[in-house]
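What follows is a short report on a single structure.
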Amino acid sequence: MCIRDSSGTLPNWLTSFTRLGITKIDETRISGTISRSLVQLTGLLNLRLSSSRLSGTLPAGITSLTSLYGLNLIKSKLSGQLPKSLAALGGLTEINLGNNRFSGTIPDVSGLPWLKILQLPTNKLSGTISRTCLAPQLLTIINFADNNDLSGTIPEPYISLQHLTELRLANTSLSGFIPAGVMTLTKLTILRLYNNSLSGKLQSLIWKLSSLAQLHISENRISGYLPTELNSLTLLIELQVSNTPLSGTLPRGIKDFNTLNTFEAGGNSLSGTVPNFTKLVRLAKLNLNENDISGTLPSHLANATVLKRLFIHQTKLSGTLPKGVLGIASLEQLAAGKCRFSGTIPPMTASPSLSDVFLQNNRFSGELPQVSIRVDNLWLHANRISGTLPSALLDLSMLKGFGVHENRISGIIPASIWRLTALKALSVAHNSLSGTLPSSIVSLTLLELLSAQGNMLSGTIFDAPSSIQTLTLSGNRKISGTVPASLLGSTTLRALLLNSMSLSGTLPRHNINSTSKSTLETLSVARNFMDGTTDALGNLKALQTLILSGNYFSCDVVELDSALSLGSGKFFEPVVNALIAIGTTLKVNGQPNVFKSLVNVGYSNIVLAFAGNPQLTTHASMLPPRDAGRLRRQDEIQQGQRGVFPGYTSLLQLAFVTIPFFVAVHTAVVLFAVSSRFGLSVSAVKSYFFPQQVCGHMNVHIQLYRSLNRTMLRLLVLGLCFVLLNALSPGVFDSGCTDPLLRTSIAPIKAGVAYQWTWVVLSSLMMAVAIYLFYLLGSSDQDARARSVHRCLCNTMPQSARAIKQWQQGVQRSKRLLPYPIRITLFVLLHIPVLLLASLPAFGYVLAQNVPAGSGFGYTVLGNSMVIAIVKTGFNSLVVPKAAAVLSKFKHGVQGAVSATSEQVTAIYKTEVEIILVLEASTVLLAPMVSVFLLDESCLRFYLSFSDDLRVLLEAWDIAQTGASAYRTQFCSRRLVTEFSYVWLSILLLSTFIAPAIRLVSAFPQVKRFKEACETRIAAVRGQPKTSEQQTLKNVQRLQKSLAGAYNTLLMILVFGTLLPPLCLLLPLWGWLNLCSLEWETSCDNWSFGEQLAQHILMQPPNRLFQGLTLFGGWSISAFVFLDLEFGLGPSLFFMVASVIQVCAACWLHRRAHCRRHVEITTELMFERKVASSARQHREQAATDSMIDPGPSLASEKDNHWELE
């Protein structure tokens, strides 16, 4: 009885045919279970229920069918264990239970002497293969393939299976050696043992099996080489030895296999050249993939006229591709990628059946080849192909995969690309394509991968095709516009990469709601010009990886709790993932998996959401894996929501902590100082802040602040103008929640034409005010006056001469002076380590804004602006003066304790104060600019060198550019201001409130006595008695440091005031409070004659250096702003002309001041005589009053009547 093409369940009426001999039910849709009543058919001879939908188990009573000789139940859904009582059916000749779901072990068949066919493939059998399974000596077919849980070894048959023709044990977990008994199976035609863990030597295995037609031992651990005895297998049709550790060369005897149809030896270590295949006229498949075969591809391979598949992928073959090989009419698949082929690719139109062409990762040049219109896959990426995309490409209506990325193709993407209706993958990345991205791509309804990054495409982004899964357009800097709402709301899109483009606008909110079914897992829009809030991300529930860095996003970061997988698991690069998936599909379809070698390394998933977005309240660089519900609240980055304050932490810290604390400290110190002298009253406080006259003498430091009176008011007015200009100009952050302080700076401004002209005019006026200030500071010749006083005292006052010699300790000409050029060169080079050390806080601060959060406690500390300000101030106070003293003496070649000339004394101490100014200026002026420009995310991005994990990750995204390739306009200057604005303000506040307070505290009698006691004790311990001259030198060094700090603060305001106008607004307060503290200090202390003398001789204002640094810094900042914010040609030329005029004015003022100094120098001798006469009168009067101690020093003399004019 035979039943075909029926459905339903197994008919019950079958049991009524008790004498039924054969039941054959093939290729039906019969379902249900095998009825137990079927076993009542005791006369049944052959039971065949193949290709059905039967389920359940095999009835245990089947053993009652004692007449049964054939049992065939293949391709059903039967499960359970096989009955162990099958041996009771002694007449069975065939057992075929393959393609089911049977489990358990293989039953004992030793009691079935007539068994010829034993097939149990594609089940879930486990255990081992026992010898009883091979006991029937009439077995011709043994098939246990595709049972992955079968393990153990292949048993040695104890009865020779001389009738065995097929042994199929592939796709199991067998191990060990192939038994020697296999060599006796002389009738064996098919031996399939692939995809196991078998081992042994290939050359000693199966070469005596002369009847062998199919030998499949791929995917094992069989080593050795292909022996020359291979030619003894004259009937061999298929030889598959791929992915075993075979070595050696291809045997020459293989050319005599005129019956060979398939030869697969890929994935080995075979070497040598491709042998002569002239006689292999039946060869249909040749696979030599992933070997060390070298040489050229022989042209005689074209004789294989039936060749369908030629796989030579990832070998060392070189030369050109023979035209004859590519002209084989039967050729269907060609895989020759990752070789060393060169030249042009021959036309492939002579192969009408050609469907798959893989020639990637070679050295091909020329233009794209002509191919058959039936091509399904054409992958030519990573070559040197040039030219344009040919119009013939549009005729490939069956094309599914097209990859030409990493070539030199130019031109445009044809607008009629919609004709490729079967296209699923399009990869044209990293070429020189230009023009607009055709909107007709939307019509490609099957397109899943579109990779076009790294070109010069322009235009706007279109709505995504309905089936798109991966879309990458990164690196096309001419693509502008906004992100379409359909992309974020797509139900198929999984990865969207739009990095390093010119996108603007906000993240779209259309189609993003609480019921959204968006499948987007990876979103990266880094390094664009997008602004607004991040609210649109709130309901992207499938989101896993998010990168929004380098934009203008602002306001509070949206809650991301609904994205339960965000920041967890592993990140895999989307394009590589897509290519690997394509390779897997190719393998399933029997095509070569040419993307097998691609390895998508998994990284800890990240949320690089906030780096380079200065107005986001959470500045996160990278978050480690954590629960999504706590993701935002546990953000550990330095400038985010942390500590006491929500929102703009730096602003709130400044407003509610820094300023109140500094004002309170300054006020407390002033009140204590006033009350300790006059008692606490309004008049006493008023006398401090508004002194009626100068008490004591006026030193260089006080002269500086007094000369700034009108200049500070002018700068205040210019600062107000800048504030109004910035506040009234439109900004790039249009969300309405910009940091109020930064809103007054240049950072958030859209620099339109009107703004550019106004800014340039105001900047020119500020530089003009600075030049006039230079004239005021340099109008008096302090150097000449100091030398005059020094010579006068040394020549006319022996006691003063001895005192001056004491002040000059450490000043002696070295006995072994280096030549002057060498000494100056070393002097300059020795500045470098000190400058680097002085710049470390700025570099650390920038790194702390960019490296991953949680990278260490040091980054957390360095990420606070007040910490950096304190570190800079401390370094300038403790380290810089000592380094300056050493460098100054080295420059002038002096040491020891011998007196020096007047010129040497003044030169040494003037050099010292200049060095202090240079080193301090580098920490405030040079270090911020260099550190931001080199390290920041928005500039050259060398911070990635300090974060290897982040760098490797971004390389996978193709956004790890550093250096010139990473630079973008409109960002770097903004980042300089946003990152360092609070640092500059903190430094200015320290100099405004804390520095005067420290100066007043140091002048307290109690503090002075305590310091003197400590210094005396330390000197006693060292065995060096303290002298008043040493104390005088320390005071001079303190005054030098204070003077250089004042110049440094003024330099910072003049250079960066155009970028951050609040600096100019604080300038009058800074000058006023410091002048009050200095005048109080000079009026409340009894300065000794030596201290007064030292202040005039040894304190030299670095006016010329200050002028040079200010001009250089101001022009450098202006040029940087012009380039970065893309100022127009007109404003730039105006500034250049104004700068030339300013230089001319500065030279004229310098000449005028020089003439005034010349008049003063002509009266120098008169001044010396006056000082000498006054000194003699003072000595005579002091001797009369018995006030002079004839000791060697004048530093102990206290005389407030001495004023050196």
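In the structure tokens, chains take letters A, B, ... by order of appearance, with residues numbered from 1 within each chain and ligands from 1 in the order shown.
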
Q: Find the residues around range 465-480 of chain A up to 7 Å (only C-alpha atoms counted), leave out those fewer than 2 positions away in its own chain, and share them as a PyMOL selection string.
A: chain A and resi 441-460+463+482+492-504+574-575

Within 9 Å of Pro113 in chain A using only C-alpha atoms, minus same-chain residues under 2 positions, as a PyMOL selection string: chain A and resi 90-93+109-111+115-116+135-139

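Distance annotation: of A:Arg282, A:Cys1144, A:Ser597, A:Ala464, the residue with the minimal separation from Lys338 in chain A is A:Ser597; atom set is only C-alpha atoms.
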
Which polymer residues have any atom within 7 Å of an atom of range 295-304 of chain A, counting only C-alpha atoms, with same-chain residues fewer than 3 positions away left out, as a ChimeraX atom specification? /A:273-274,277-278,280-283,307,317-319,321-322,324-325,328

With N, CA, C and O atoms retained, could you export that selection as a JSON list (two decimals), in the first residue's frame?
[["chain", "number", "residue", "atom", "x", "y", "z"],
["A", 273, "THR", "N", 53.38, 25.94, -5.45],
["A", 273, "THR", "CA", 52.61, 26.61, -6.50],
["A", 273, "THR", "C", 51.42, 25.76, -6.89],
["A", 273, "THR", "O", 51.28, 24.61, -6.47],
["A", 274, "VAL", "N", 50.55, 26.34, -7.68],
["A", 274, "VAL", "CA", 49.37, 25.61, -8.16],
["A", 274, "VAL", "C", 49.82, 24.62, -9.23],
["A", 274, "VAL", "O", 50.46, 25.02, -10.21],
["A", 277, "PHE", "N", 46.69, 21.55, -13.85],
["A", 277, "PHE", "CA", 45.39, 20.88, -13.84],
["A", 277, "PHE", "C", 44.87, 20.64, -15.26],
["A", 277, "PHE", "O", 43.67, 20.60, -15.49],
["A", 278, "THR", "N", 45.78, 20.45, -16.19],
["A", 278, "THR", "CA", 45.38, 20.33, -17.59],
["A", 278, "THR", "C", 44.45, 19.14, -17.82],
["A", 278, "THR", "O", 43.47, 19.23, -18.57],
["A", 280, "LEU", "N", 42.46, 17.70, -15.66],
["A", 280, "LEU", "CA", 41.28, 17.66, -14.79],
["A", 280, "LEU", "C", 40.11, 18.33, -15.51],
["A", 280, "LEU", "O", 39.62, 19.39, -15.14],
["A", 281, "VAL", "N", 39.68, 17.68, -16.55],
["A", 281, "VAL", "CA", 38.62, 18.25, -17.38],
["A", 281, "VAL", "C", 37.27, 18.19, -16.70],
["A", 281, "VAL", "O", 36.32, 18.85, -17.14],
["A", 282, "ARG", "N", 37.13, 17.37, -15.64],
["A", 282, "ARG", "CA", 35.85, 17.25, -14.93],
["A", 282, "ARG", "C", 35.83, 18.07, -13.63],
["A", 282, "ARG", "O", 34.86, 18.00, -12.89],
["A", 283, "LEU", "N", 36.89, 18.79, -13.39],
["A", 283, "LEU", "CA", 36.98, 19.53, -12.14],
["A", 283, "LEU", "C", 35.92, 20.64, -12.11],
["A", 283, "LEU", "O", 35.89, 21.53, -12.96],
["A", 307, "LEU", "N", 34.46, 23.92, -14.72],
["A", 307, "LEU", "CA", 34.74, 24.51, -13.41],
["A", 307, "LEU", "C", 33.65, 25.51, -13.04],
["A", 307, "LEU", "O", 33.36, 26.45, -13.80],
["A", 317, "LEU", "N", 49.15, 34.05, -3.83],
["A", 317, "LEU", "CA", 49.23, 34.13, -5.28],
["A", 317, "LEU", "C", 49.34, 35.58, -5.70],
["A", 317, "LEU", "O", 48.73, 36.47, -5.11],
["A", 318, "SER", "N", 50.08, 35.82, -6.75],
["A", 318, "SER", "CA", 50.32, 37.18, -7.22],
["A", 318, "SER", "C", 50.19, 37.21, -8.73],
["A", 318, "SER", "O", 49.68, 36.28, -9.35],
["A", 319, "GLY", "N", 50.66, 38.29, -9.31],
["A", 319, "GLY", "CA", 50.52, 38.43, -10.74],
["A", 319, "GLY", "C", 49.15, 38.94, -11.13],
["A", 319, "GLY", "O", 48.45, 39.57, -10.35],
["A", 321, "LEU", "N", 45.25, 38.20, -13.02],
["A", 321, "LEU", "CA", 44.25, 37.14, -13.22],
["A", 321, "LEU", "C", 44.20, 36.78, -14.70],
["A", 321, "LEU", "O", 43.99, 37.66, -15.55],
["A", 322, "PRO", "N", 44.41, 35.51, -15.06],
["A", 322, "PRO", "CA", 44.36, 35.13, -16.48],
["A", 322, "PRO", "C", 42.98, 35.37, -17.07],
["A", 322, "PRO", "O", 41.96, 35.06, -16.46],
["A", 324, "GLY", "N", 41.70, 33.86, -19.53],
["A", 324, "GLY", "CA", 41.05, 32.60, -19.87],
["A", 324, "GLY", "C", 40.30, 31.98, -18.71],
["A", 324, "GLY", "O", 39.24, 31.40, -18.88],
["A", 325, "VAL", "N", 40.86, 32.11, -17.51],
["A", 325, "VAL", "CA", 40.19, 31.54, -16.34],
["A", 325, "VAL", "C", 38.87, 32.25, -16.10],
["A", 325, "VAL", "O", 37.85, 31.63, -15.80],
["A", 328, "ILE", "N", 35.84, 31.14, -18.40],
["A", 328, "ILE", "CA", 35.21, 29.81, -18.36],
["A", 328, "ILE", "C", 33.70, 29.98, -18.33],
["A", 328, "ILE", "O", 33.16, 30.63, -17.44]]

Which of range 314-563 of chain A counts as alpha helix (DSSP H) under DSSP, as a PDB file with N, CA and C atoms, in the first residue's frame please?
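Saved as out28.pdb:
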ATOM      1  N   ALA A 485      13.404  62.166  11.154  1.00  0.00           N
ATOM      2  CA  ALA A 485      12.711  61.532  12.271  1.00  0.00           C
ATOM      3  C   ALA A 485      12.470  60.048  12.021  1.00  0.00           C
ATOM      4  N   SER A 486      12.354  59.670  10.736  1.00  0.00           N
ATOM      5  CA  SER A 486      12.059  58.268  10.433  1.00  0.00           C
ATOM      6  C   SER A 486      13.194  57.342  10.829  1.00  0.00           C
ATOM      7  N   LEU A 487      14.416  57.874  10.932  1.00  0.00           N
ATOM      8  CA  LEU A 487      15.540  57.017  11.304  1.00  0.00           C
ATOM      9  C   LEU A 487      15.436  56.572  12.755  1.00  0.00           C
ATOM     10  N   LEU A 488      15.212  57.519  13.662  1.00  0.00           N
ATOM     11  CA  LEU A 488      15.120  57.144  15.071  1.00  0.00           C
ATOM     12  C   LEU A 488      13.873  56.331  15.357  1.00  0.00           C
TER      13      LEU A 488
END

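Nearest-residue note for Leu185 in chain A: choosing from A:His405, A:Thr388, A:Ser562, A:His163, the minimum distance belongs to A:His163, counting only C-alpha atoms.
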
**Message:** What's the separation between CA of Pro59 in chain A and CA of Leu169 in chain A, in Å to one decimal place?
**Reply:**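 Taking CA of Pro59 in chain A and CA of Leu169 in chain A, their separation equals 27.2 Å.
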
* In range 31-72 of chain A, DSSP strand (DSSP E) residues written as a list in words -> Ser31, Gly32, Thr33, Asn46, Leu47, Arg48, Arg53, Leu54, Ser55, Gly56, Gly70, Leu71 and Asn72 of chain A

> Quick one: of A:Asn1103, A:Ser211, A:Gln1006, A:Asn362, who's nearest to Ala336 in chain A, counting only C-alpha atoms?
Replying inline: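 Looking only at the distances to Ala336 in chain A, the closest residue turns out to be A:Asn362.
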
Restricting to only C-alpha atoms, whichever of A:Ile217, A:Leu250, A:Leu209, A:Leu120 is closest to Thr234 in chain A is A:Leu209

- Non-local contacts of range 744-759 of chain A (9 Å; only C-alpha atoms; under 4 positions in same chain excluded) as a VMD selection string: chain A and resid 552 722 to 727 729 to 733 738 740 763 to 764 971 973 to 978 981 1058 to 1062 1122 1125 to 1128 1130 to 1132 1134

Write out the residues from the selection above, keeping N, CA, C and O atoms, as a compact mmCIF listing (two decimals), in the first residue's frame.
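Just written: part12.txt:
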# COMPACT_ATOMS: atom_id res chain seq x y z
N TYR A 552 26.79 70.42 20.16
CA TYR A 552 26.37 71.57 20.95
C TYR A 552 25.15 71.23 21.81
O TYR A 552 24.36 72.11 22.12
N PHE A 722 32.04 94.12 25.50
CA PHE A 722 32.10 92.72 25.08
C PHE A 722 30.95 91.92 25.67
O PHE A 722 30.35 91.07 24.99
N VAL A 723 30.63 92.16 26.94
CA VAL A 723 29.53 91.43 27.58
C VAL A 723 28.21 91.71 26.86
O VAL A 723 27.43 90.80 26.56
N LEU A 724 27.95 92.97 26.57
CA LEU A 724 26.72 93.32 25.86
C LEU A 724 26.70 92.71 24.46
O LEU A 724 25.66 92.21 24.00
N LEU A 725 27.84 92.75 23.78
CA LEU A 725 27.91 92.17 22.44
C LEU A 725 27.59 90.68 22.46
O LEU A 725 26.79 90.19 21.65
N ASN A 726 28.19 89.94 23.40
CA ASN A 726 27.95 88.50 23.47
C ASN A 726 26.54 88.18 23.94
O ASN A 726 25.91 87.23 23.45
N ALA A 727 26.04 88.96 24.89
CA ALA A 727 24.71 88.67 25.43
C ALA A 727 23.62 88.91 24.40
O ALA A 727 22.58 88.23 24.41
N SER A 729 24.02 88.72 21.05
CA SER A 729 24.24 87.97 19.81
C SER A 729 23.62 86.59 19.91
O SER A 729 23.56 86.00 20.99
N PRO A 730 23.14 86.05 18.78
CA PRO A 730 22.57 84.69 18.81
C PRO A 730 23.64 83.66 19.12
O PRO A 730 24.81 83.82 18.73
N GLY A 731 23.25 82.61 19.82
CA GLY A 731 24.20 81.58 20.22
C GLY A 731 23.94 80.26 19.54
O GLY A 731 22.88 80.02 18.95
N VAL A 732 24.93 79.38 19.59
CA VAL A 732 24.77 78.05 19.00
C VAL A 732 23.94 77.14 19.90
O VAL A 732 23.45 76.11 19.46
N PHE A 733 23.81 77.48 21.15
CA PHE A 733 22.98 76.71 22.07
C PHE A 733 21.64 77.43 22.18
O PHE A 733 21.51 78.41 22.91
N THR A 738 21.77 77.76 28.55
CA THR A 738 23.21 77.92 28.51
C THR A 738 23.72 78.43 29.86
O THR A 738 23.04 79.19 30.54
N PRO A 740 24.96 80.79 32.30
CA PRO A 740 24.87 82.26 32.21
C PRO A 740 26.23 82.94 32.12
O PRO A 740 26.37 83.95 31.43
N SER A 763 38.49 94.37 20.03
CA SER A 763 39.78 93.74 20.30
C SER A 763 40.92 94.69 19.97
O SER A 763 41.93 94.76 20.70
N SER A 764 40.79 95.42 18.86
CA SER A 764 41.83 96.39 18.50
C SER A 764 41.92 97.50 19.53
O SER A 764 43.03 97.95 19.88
N PHE A 971 34.94 74.70 16.89
CA PHE A 971 34.88 73.97 18.15
C PHE A 971 36.05 74.27 19.08
O PHE A 971 35.87 74.40 20.28
N SER A 973 38.27 76.76 19.68
CA SER A 973 38.31 77.98 20.48
C SER A 973 37.19 78.01 21.51
O SER A 973 37.36 78.52 22.62
N ARG A 974 36.04 77.47 21.15
CA ARG A 974 34.94 77.40 22.12
C ARG A 974 35.32 76.51 23.30
O ARG A 974 35.01 76.81 24.45
N ARG A 975 35.98 75.41 23.00
CA ARG A 975 36.38 74.50 24.07
C ARG A 975 37.43 75.13 24.97
O ARG A 975 37.45 74.88 26.18
N LEU A 976 38.32 75.92 24.39
CA LEU A 976 39.33 76.62 25.20
C LEU A 976 38.65 77.50 26.24
O LEU A 976 39.04 77.50 27.42
N VAL A 977 37.62 78.21 25.83
CA VAL A 977 36.93 79.11 26.75
C VAL A 977 36.10 78.32 27.76
O VAL A 977 36.14 78.59 28.96
N THR A 978 35.34 77.35 27.28
CA THR A 978 34.46 76.62 28.20
C THR A 978 35.24 75.80 29.22
O THR A 978 34.80 75.67 30.37
N SER A 981 37.57 78.81 31.39
CA SER A 981 36.99 80.05 31.89
C SER A 981 36.94 80.07 33.41
O SER A 981 37.30 81.07 34.06
N THR A 1058 39.28 89.30 25.82
CA THR A 1058 38.40 89.35 24.64
C THR A 1058 37.55 88.09 24.52
O THR A 1058 36.48 88.12 23.92
N LEU A 1059 38.05 86.98 25.05
CA LEU A 1059 37.29 85.74 25.02
C LEU A 1059 36.34 85.62 26.20
O LEU A 1059 35.22 85.10 26.06
N LEU A 1060 36.78 86.10 27.36
CA LEU A 1060 35.98 86.01 28.58
C LEU A 1060 35.92 87.40 29.22
O LEU A 1060 36.71 87.72 30.11
N PRO A 1061 35.01 88.25 28.81
CA PRO A 1061 34.95 89.64 29.30
C PRO A 1061 34.82 89.79 30.81
O PRO A 1061 35.27 90.82 31.33
N PRO A 1062 34.20 88.86 31.56
CA PRO A 1062 34.17 89.05 33.02
C PRO A 1062 35.54 89.24 33.65
O PRO A 1062 35.63 89.81 34.74
N PHE A 1122 40.06 83.90 14.58
CA PHE A 1122 39.73 84.16 13.18
C PHE A 1122 39.64 82.85 12.38
O PHE A 1122 38.71 82.63 11.61
N LEU A 1125 36.76 80.21 14.16
CA LEU A 1125 35.36 80.63 14.00
C LEU A 1125 35.08 81.14 12.59
O LEU A 1125 33.99 81.65 12.33
N GLU A 1126 36.06 81.00 11.71
CA GLU A 1126 35.89 81.29 10.29
C GLU A 1126 35.43 82.73 10.07
O GLU A 1126 34.40 83.00 9.45
N PHE A 1127 36.21 83.68 10.61
CA PHE A 1127 35.94 85.09 10.37
C PHE A 1127 36.14 85.40 8.89
O PHE A 1127 36.95 84.77 8.19
N GLY A 1128 35.41 86.39 8.43
CA GLY A 1128 35.52 86.79 7.04
C GLY A 1128 36.84 87.48 6.73
O GLY A 1128 37.61 87.87 7.62
N GLY A 1130 37.28 90.47 5.39
CA GLY A 1130 37.27 91.88 5.74
C GLY A 1130 37.68 92.13 7.19
O GLY A 1130 38.61 92.91 7.45
N PRO A 1131 37.02 91.53 8.18
CA PRO A 1131 37.44 91.72 9.57
C PRO A 1131 38.88 91.30 9.83
O PRO A 1131 39.59 91.93 10.61
N SER A 1132 39.31 90.23 9.18
CA SER A 1132 40.69 89.77 9.39
C SER A 1132 41.70 90.80 8.88
O SER A 1132 42.69 91.10 9.55
N PHE A 1134 41.17 94.00 8.48
CA PHE A 1134 41.09 95.17 9.35
C PHE A 1134 41.93 94.97 10.60
O PHE A 1134 42.66 95.89 11.03

In Å and to one decimal, CA of Leu270 in chain A is distant from CA of Leu246 in chain A by 6.5 Å

**Q.** Interatomic distance (Å, one decimal) between CA of Lys541 in chain A and CA of Ser490 in chain A
**A.**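 Result for CA of Lys541 in chain A versus CA of Ser490 in chain A: 12.4 Å, one decimal.
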
Exercise: Tyr772 in chain A partners within 9 Å, only C-alpha atoms, chain neighbours under 2 positions left out, as a list of chain:residue names: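 Near Tyr772 in chain A, the qualifying residues are A:Thr711, A:Met767, A:Ala768, A:Val769, A:Ala770, A:Phe774, A:Tyr775, A:Leu776, A:Leu777, A:Ala1145, A:Ala1146, A:Leu1149.
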
Since we have the selection now, will you write its residues out, keeping N, CA and C atoms, as a tab-separated table (two decimals), in the first residue's frame?
chain	number	residue	atom	x	y	z
A	711	THR	N	43.74	103.04	33.23
A	711	THR	CA	43.74	101.90	32.32
A	711	THR	C	42.70	100.87	32.72
A	767	MET	N	43.83	96.19	22.54
A	767	MET	CA	45.27	96.16	22.32
A	767	MET	C	45.85	97.57	22.35
A	768	ALA	N	45.08	98.55	21.88
A	768	ALA	CA	45.55	99.93	21.95
A	768	ALA	C	45.70	100.40	23.39
A	769	VAL	N	44.75	100.04	24.24
A	769	VAL	CA	44.85	100.36	25.66
A	769	VAL	C	46.07	99.69	26.27
A	770	ALA	N	46.32	98.44	25.86
A	770	ALA	CA	47.49	97.73	26.38
A	770	ALA	C	48.78	98.42	25.97
A	774	PHE	N	51.79	100.02	28.26
A	774	PHE	CA	53.22	99.76	28.15
A	774	PHE	C	54.01	101.07	28.25
A	775	TYR	N	53.47	102.08	27.62
A	775	TYR	CA	54.15	103.38	27.66
A	775	TYR	C	54.21	103.92	29.09
A	776	LEU	N	53.11	103.78	29.82
A	776	LEU	CA	53.10	104.29	31.19
A	776	LEU	C	54.08	103.51	32.07
A	777	LEU	N	54.14	102.20	31.89
A	777	LEU	CA	55.00	101.39	32.74
A	777	LEU	C	56.47	101.57	32.40
A	1145	ALA	N	52.69	102.55	16.60
A	1145	ALA	CA	52.45	103.40	17.76
A	1145	ALA	C	53.29	102.97	18.94
A	1146	ALA	N	53.43	101.66	19.13
A	1146	ALA	CA	54.25	101.17	20.24
A	1146	ALA	C	55.71	101.59	20.06
A	1149	LEU	N	55.97	105.35	20.88
A	1149	LEU	CA	55.90	105.59	22.32
A	1149	LEU	C	57.17	105.12	23.01

Residue neighbourhood Gly80 in chain A, 9 Å, only C-alpha atoms, exclusion window fewer than 6 positions, as number ranges by chain: A: 56-58, 101-104

Take the residues just selected and output them with N, CA, C and O atoms as a PDB file, in the first residue's frame.
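This is the output file selection_23.pdb:
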ATOM      1  N   GLY A  56       5.912  12.338  18.513  1.00  0.00           N
ATOM      2  CA  GLY A  56       5.810  11.315  19.540  1.00  0.00           C
ATOM      3  C   GLY A  56       6.980  10.359  19.494  1.00  0.00           C
ATOM      4  O   GLY A  56       8.026  10.645  18.908  1.00  0.00           O
ATOM      5  N   THR A  57       6.805   9.215  20.096  1.00  0.00           N
ATOM      6  CA  THR A  57       7.882   8.226  20.193  1.00  0.00           C
ATOM      7  C   THR A  57       7.567   7.014  19.342  1.00  0.00           C
ATOM      8  O   THR A  57       6.459   6.836  18.832  1.00  0.00           O
ATOM      9  N   LEU A  58       8.581   6.192  19.218  1.00  0.00           N
ATOM     10  CA  LEU A  58       8.430   4.939  18.479  1.00  0.00           C
ATOM     11  C   LEU A  58       7.775   3.921  19.419  1.00  0.00           C
ATOM     12  O   LEU A  58       8.266   3.694  20.525  1.00  0.00           O
ATOM     13  N   ARG A 101      14.279  13.494  15.961  1.00  0.00           N
ATOM     14  CA  ARG A 101      14.713  14.085  17.215  1.00  0.00           C
ATOM     15  C   ARG A 101      14.983  13.013  18.267  1.00  0.00           C
ATOM     16  O   ARG A 101      14.815  13.236  19.456  1.00  0.00           O
ATOM     17  N   PHE A 102      15.392  11.846  17.792  1.00  0.00           N
ATOM     18  CA  PHE A 102      15.670  10.746  18.725  1.00  0.00           C
ATOM     19  C   PHE A 102      16.873  11.100  19.596  1.00  0.00           C
ATOM     20  O   PHE A 102      17.823  11.743  19.156  1.00  0.00           O
ATOM     21  N   SER A 103      16.822  10.661  20.825  1.00  0.00           N
ATOM     22  CA  SER A 103      17.901  10.901  21.773  1.00  0.00           C
ATOM     23  C   SER A 103      18.346   9.576  22.368  1.00  0.00           C
ATOM     24  O   SER A 103      17.931   8.512  21.942  1.00  0.00           O
ATOM     25  N   GLY A 104      19.213   9.681  23.383  1.00  0.00           N
ATOM     26  CA  GLY A 104      19.726   8.461  24.007  1.00  0.00           C
ATOM     27  C   GLY A 104      20.910   7.922  23.247  1.00  0.00           C
ATOM     28  O   GLY A 104      21.565   8.625  22.466  1.00  0.00           O
TER      29      GLY A 104
END
